[in-house]
Amino acid sequence: MEVKLEDLTLDEIIGLFRAADEFIEFLNVSWVKPKDVILTGSLANYNWSKYSDFDLHVLMDFEKVDKRTDFVKEYFDSKKTLWNEQHSHLKIYGFPVELYVQDINEEHTASGIYSLYKNEWIKEPEKDE
């Protein structure tokens, strides 16, 4: 089975938004609004396997949370771990959905990045022939 993000059903897209919204609320930093929510990782390009998952990244400005960005990263990483353990049932096409908070100032190198907020590829993957 080839996984294509453009083939996601409306229910699956709504499910991703719902998961992201619940995760953002769980982070408990209501004074900071996300800049975007992106799908990335192996399922957002062509190098996935049966062990892959959907990587859903919430992009936030860590400095707006607190000037101690190292502390913010540790806090978000702890919240991410707890959230993902409590929501291991979230799946699309049978693949788990894992949420993560990414600092907007962090460089993210991936061959495929899809913006849920903009509903478009930020970086469209290329399939090797």
# chains A, B, ... in the order shown; residues from 1 in each chain; ligands from 1
call {"tool": "residues_around", "arguments": {"residues": "segment 67-83 of chain A", "least_positions_apart": "6", "cutoff": "7 Å", "atoms": "only C-alpha atoms", "output": "PyMOL selection string"}}
result
chain A and resi 27+99-101
call {"tool": "residues_around", "arguments": {"residues": "Leu90 of chain A", "least_positions_apart": "2", "cutoff": "12 Å", "atoms": "only C-alpha atoms", "output": "short mmCIF file (atom, residue, chain, number, x, y, z; two decimals) with C-alpha atoms, in the first residue's frame"}}
result
data_model
loop_
_atom_site.label_atom_id
_atom_site.label_comp_id
_atom_site.auth_asym_id
_atom_site.auth_seq_id
_atom_site.Cartn_x
_atom_site.Cartn_y
_atom_site.Cartn_z
CA GLU A 12 -8.78 11.59 8.90
CA GLY A 15 -8.88 13.64 13.31
CA LEU A 16 -5.38 15.06 12.84
CA ARG A 18 -8.51 17.27 16.69
CA ALA A 19 -5.41 15.44 17.95
CA ALA A 20 -3.28 18.55 17.41
CA ASP A 53 4.48 6.57 12.15
CA PHE A 54 2.88 9.89 11.29
CA ASP A 55 4.99 12.67 12.81
CA LEU A 56 2.72 15.60 13.63
CA TRP A 83 0.74 12.49 25.59
CA ASN A 84 2.02 9.87 23.15
CA GLU A 85 1.95 7.15 25.81
CA GLN A 86 -1.65 8.05 26.70
CA HIS A 87 -2.76 8.24 23.05
CA SER A 88 -1.03 5.23 21.51
CA ILE A 92 -4.13 6.56 10.36
CA TYR A 93 -3.89 3.80 7.76
CA GLY A 94 -2.90 1.61 10.71
CA PHE A 95 0.17 3.77 11.47
CA PRO A 96 0.54 5.48 14.87
CA VAL A 97 0.33 9.28 15.08
CA GLU A 98 3.07 10.83 17.22
CA LEU A 99 2.92 14.47 18.28
#
call {"tool": "select_by_dssp", "arguments": {"residues": "segment 2-129 of chain A", "states": "alpha helix (DSSP H)", "output": "JSON, numbers by chain"}}
result
{"A": [10, 11, 12, 13, 14, 15, 16, 17, 18, 19, 20, 21, 22, 23, 24, 25, 26, 27, 62, 63, 64, 65, 69, 70, 71, 72, 73, 74, 75, 76, 77, 78, 79, 80, 81, 82, 83, 84, 85, 86]}
call {"tool": "residues_around", "arguments": {"residues": "Thr40 of chain A", "least_positions_apart": "4", "cutoff": "6 Å", "atoms": "only C-alpha atoms", "output": "PyMOL selection string"}}
result
chain A and resi 44+55+112-113
call {"tool": "write_last_selection", "arguments": {"atoms": "all heavy atoms", "output": "PDB file, in the first residue's frame"}}
result
ATOM      1  N   ALA A  44       5.568  11.146   5.300  1.00  0.00           N
ATOM      2  CA  ALA A  44       5.352  12.347   4.491  1.00  0.00           C
ATOM      3  C   ALA A  44       6.290  12.348   3.287  1.00  0.00           C
ATOM      4  O   ALA A  44       6.388  13.331   2.569  1.00  0.00           O
ATOM      5  CB  ALA A  44       5.570  13.606   5.328  1.00  0.00           C
ATOM      6  N   ASP A  55       4.405  11.675  11.919  1.00  0.00           N
ATOM      7  CA  ASP A  55       4.988  12.669  12.808  1.00  0.00           C
ATOM      8  C   ASP A  55       4.241  13.981  12.619  1.00  0.00           C
ATOM      9  O   ASP A  55       4.306  14.599  11.557  1.00  0.00           O
ATOM     10  CB  ASP A  55       6.473  12.857  12.492  1.00  0.00           C
ATOM     11  CG  ASP A  55       7.278  11.596  12.774  1.00  0.00           C
ATOM     12  OD1 ASP A  55       7.146  11.082  13.894  1.00  0.00           O
ATOM     13  OD2 ASP A  55       8.004  11.140  11.885  1.00  0.00           O
ATOM     14  N   GLY A 112      10.060  15.625   3.149  1.00  0.00           N
ATOM     15  CA  GLY A 112       8.643  15.913   2.959  1.00  0.00           C
ATOM     16  C   GLY A 112       8.069  16.622   4.173  1.00  0.00           C
ATOM     17  O   GLY A 112       8.205  16.133   5.294  1.00  0.00           O
ATOM     18  N   ILE A 113       7.462  17.793   3.943  1.00  0.00           N
ATOM     19  CA  ILE A 113       6.818  18.560   5.018  1.00  0.00           C
ATOM     20  C   ILE A 113       5.495  19.094   4.482  1.00  0.00           C
ATOM     21  O   ILE A 113       5.468  19.814   3.480  1.00  0.00           O
ATOM     22  CB  ILE A 113       7.692  19.734   5.497  1.00  0.00           C
ATOM     23  CG1 ILE A 113       9.071  19.249   5.964  1.00  0.00           C
ATOM     24  CG2 ILE A 113       6.982  20.508   6.606  1.00  0.00           C
ATOM     25  CD1 ILE A 113      10.048  20.374   6.263  1.00  0.00           C
TER      26      ILE A 113
END
call {"tool": "atom_distance", "arguments": {"atom1": "atom CA of Leu39 of chain A", "atom2": "atom CA of Ser115 of chain A"}}
result
6.5 Å
call {"tool": "closest_residue", "arguments": {"among": "A:Asp21, A:Asn47, A:Pro34, A:Val58", "to": "Pro125 of chain A", "atoms": "only C-alpha atoms"}}
result
A:Asn47
call {"tool": "atom_distance", "arguments": {"atom1": "atom CA of Ile13 of chain A", "atom2": "atom CA of Tyr117 of chain A"}}
result
10.9 Å
call {"tool": "closest_residue", "arguments": {"among": "A:Ile122, A:Val65, A:Leu43, A:Val37", "to": "Phe17 of chain A", "atoms": "only C-alpha atoms"}}
result
A:Val37
call {"tool": "closest_residue", "arguments": {"among": "A:Lys50, A:Gly41, A:Glu126, A:Asp61", "to": "Thr109 of chain A", "atoms": "only C-alpha atoms"}}
result
A:Gly41
call {"tool": "closest_residue", "arguments": {"among": "A:Lys91, A:Ser30, A:Ile14, A:Glu106", "to": "His57 of chain A", "atoms": "only C-alpha atoms"}}
result
A:Glu106
call {"tool": "atom_distance", "arguments": {"atom1": "atom CA of Val32 of chain A", "atom2": "atom CA of Gln102 of chain A"}}
result
13.2 Å
